[in-house]
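K.L.:
Pasting a structure below so you can have a look.
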Amino acid sequence: MTDSPGLPRLVESSEQSAQLALPQRSFPVWSGWDVVFLLSFAAFSVVILAAAGEAAKHFVQVRLPALRFLLQPAHEGVYLFLFQALLDFLLLLFIYFTVTLKYNASFLQSLKWSPKKELRAWTYLPVGILLALAVVGASTVFPNPIEPPIEKLLKVPLTAFLFATLGVVVAPFVEEVIFRGFLYPVVERGLGKTLAVVVTALLFSGVHVTQLWGSWPAIVLITVVGFTLSVVRARTDALLPSFIIHLSYNSTICLLFLIGVLVEGFPA
């Protein structure tokens, strides 16, 4: 018995029909409710981590007198570092499991990590460097009228080192995933690209306000940085370019701070 010459065409046609019948997944695969759940989870995590920190301090104060030196004000920055690092980790896990477990989707592909067109990473590195130099230059022209909380923390060498590590190794990836990976596409789908840029940029700067409170020039500058990152995300339709700019920006800021320390020492 010989195969019918029309059989391969029938099989191919049926496979194409089956593919066409499969529902096309919208972008993003998550919804606005998942954003609400993320914000709720973030608020809950802040409360739990703060309570756990106070409990740990009380335990050291009562049970471990030999370690009471860790409760001195000079070590406050270390606790803030641990708090921020744990919070970033929890939020990243929440987004990862939402995408991969709840929606059974690829994490990086769902975030549009890589652009559709070929990307030359080095072309975005100078943008972050120039942005950092512009921010530092503007800070010199418009000095802070009040010392913001972050500058007080950077006066302690260990705290400065920890926050520099967090700012280079963790913050660029986590913050881009949260603001321009998870939040941006939901706002864009509901309100359009322009409002998505505005909303994510303002939210990005709002998160940093607590670190810069009292210094309006610094708050304005971080808002400009947020708008730049969101505009790049909108124009490239991918997350990797804004991540590269964010990484080069934070790295340049930390490098300039290190150079300042080597030349003039830690700020008094």
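Quick note on naming: the chains in the structure tokens go A, B, ... in the order shown, residues restart at 1 in each chain, and ligands are numbered from 1 in order of appearance.
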Give me, as JSON lines, the closest atom pair and its distance (Å, one decimal) for every residue of segment 31-127 of chain A within a cut-off of 12 Å of segment 250-253 of chain A, counting only C-alpha atoms, rows sorted by chain and rising number.
P.N.:
```
{"residue": "A:Leu125", "atom": "CA", "partner": "A:Thr252", "partner_atom": "CA", "distance": 10.2}
{"residue": "A:Pro126", "atom": "CA", "partner": "A:Thr252", "partner_atom": "CA", "distance": 10.2}
{"residue": "A:Val127", "atom": "CA", "partner": "A:Thr252", "partner_atom": "CA", "distance": 11.0}
```
K.L.:
Taking C-alpha atoms for each residue, export the selection above as a PDB file, in the first residue's frame.
P.N.:
```pdb
ATOM      1  CA  LEU A 125      26.453  52.601  27.916  1.00  0.00           C
ATOM      2  CA  PRO A 126      27.498  56.212  27.121  1.00  0.00           C
ATOM      3  CA  VAL A 127      23.927  57.387  27.733  1.00  0.00           C
TER       4      VAL A 127
END
```
K.L.:
Need to verify the contact set: segment 142-145 of chain A, 9 Å, only C-alpha atoms, exclusion of same-chain residues closer than 4 positions in sequence. Can you return it as a PyMOL selection string?
P.N.:
chain A and resi 137-138+214-218
K.L.:
Counting only C-alpha atoms, which residues of segment 182-265 of chain A fall within 12 Å of segment 94-117 of chain A, and what is the closest atom pair for each with its distance in Å at one decimal, ordered by chain and rising number, as CSV?
P.N.:
```
residue,atom,partner,partner_atom,distance
A:Phe182,CA,A:Leu111,CA,6.8
A:Leu183,CA,A:Leu111,CA,10.0
A:Tyr184,CA,A:Leu111,CA,9.8
A:Pro185,CA,A:Leu111,CA,8.5
A:Val186,CA,A:Leu111,CA,11.0
A:Val232,CA,A:Pro115,CA,11.6
A:Arg233,CA,A:Lys112,CA,9.9
A:Ala234,CA,A:Pro115,CA,11.2
A:Arg235,CA,A:Pro115,CA,10.4
A:Thr236,CA,A:Pro115,CA,6.7
A:Asp237,CA,A:Pro115,CA,6.5
A:Ala238,CA,A:Pro115,CA,4.8
A:Leu239,CA,A:Trp113,CA,4.6
A:Leu240,CA,A:Trp113,CA,5.3
A:Pro241,CA,A:Ser114,CA,8.3
A:Ser242,CA,A:Trp113,CA,9.8
A:Phe243,CA,A:Trp113,CA,9.2
A:Ile244,CA,A:Trp113,CA,11.3
```
K.L.:
Between A:Ala132, A:Val169, A:Leu255, A:Thr200, single out the one closest to Glu188 of chain A, counting only C-alpha atoms.
P.N.:
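That would be A:Thr200, the residue with the smallest distance to Glu188 of chain A.
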K.L.:
Let's see if you can do this: from backbone DSSP, list all helix (DSSP H, G or I) residues in segment 102-134 of chain A, as an NGL selection string.
P.N.:
:A and (102 or 107-110 or 121-123 or 125-134)
K.L.:
Between A:Gln72, A:Thr228, A:Ser26, A:Ser40, which one has atoms that come closest to Gly128 of chain A, using only C-alpha atoms?
P.N.:
A:Thr228
K.L.:
Which of these residues is nearest to Gly206 of chain A, using only C-alpha atoms: A:Glu264, A:Val174, A:Gly190, A:Phe179?
P.N.:
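Among A:Glu264, A:Val174, A:Gly190, A:Phe179, it is A:Phe179 that comes nearest to Gly206 of chain A.
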K.L.:
Write out as a list of chain:residue names which residues come within 9 Å of Leu70 of chain A when counting only C-alpha atoms, dropping same-chain ones fewer than 5 positions away.
P.N.:
A:Lys57, A:Val60, A:His75, A:Glu76
K.L.:
Would you export the selected residues with N, CA and C atoms as a PDB file, in the first residue's frame, please?
P.N.:
```pdb
ATOM      1  N   LYS A  57      16.422  43.383  66.876  1.00  0.00           N
ATOM      2  CA  LYS A  57      17.117  44.336  67.747  1.00  0.00           C
ATOM      3  C   LYS A  57      16.802  44.060  69.215  1.00  0.00           C
ATOM      4  N   VAL A  60      18.690  40.959  70.402  1.00  0.00           N
ATOM      5  CA  VAL A  60      20.098  41.248  70.668  1.00  0.00           C
ATOM      6  C   VAL A  60      20.246  42.030  71.972  1.00  0.00           C
ATOM      7  N   HIS A  75      25.719  51.842  62.980  1.00  0.00           N
ATOM      8  CA  HIS A  75      25.402  50.655  62.188  1.00  0.00           C
ATOM      9  C   HIS A  75      23.994  50.701  61.594  1.00  0.00           C
ATOM     10  N   GLU A  76      23.311  51.821  61.708  1.00  0.00           N
ATOM     11  CA  GLU A  76      21.948  51.921  61.184  1.00  0.00           C
ATOM     12  C   GLU A  76      21.905  51.648  59.681  1.00  0.00           C
TER      13      GLU A  76
END
```
K.L.:
Measure the distance from atom CA of Leu153 of chain A to atom CA of Leu38 of chain A in Å and round it to one decimal.
P.N.:
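Value for the atom CA of Leu153 of chain A-atom CA of Leu38 of chain A distance: 28.5 Å.
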K.L.:
A:Val198, A:Val224, A:Leu166, A:Val261: which is nearest Ala85 of chain A, counting only C-alpha atoms?
P.N.:
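When distances to Ala85 of chain A are compared using only C-alpha atoms, the smallest one comes from A:Leu166.
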K.L.:
Which of these, A:Phe204, A:Trp213, A:Trp122, A:Phe161, has the shortest distance to Ile245 of chain A once you count only C-alpha atoms?
P.N.:
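Looking at the shortest contact to Ile245 of chain A, the residue is A:Trp122.
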K.L.:
May I ask which of the residues A:Leu202, A:Ile178, A:Leu119, A:Leu258 is the closest one to Val225 of chain A, counting only C-alpha atoms?
P.N.:
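Looking only at the distances to Val225 of chain A, the closest residue turns out to be A:Leu202.
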K.L.:
Take atom CA of Leu133 of chain A and atom CA of Val209 of chain A and report the distance between them in Å, one decimal.
P.N.:
20.5 Å
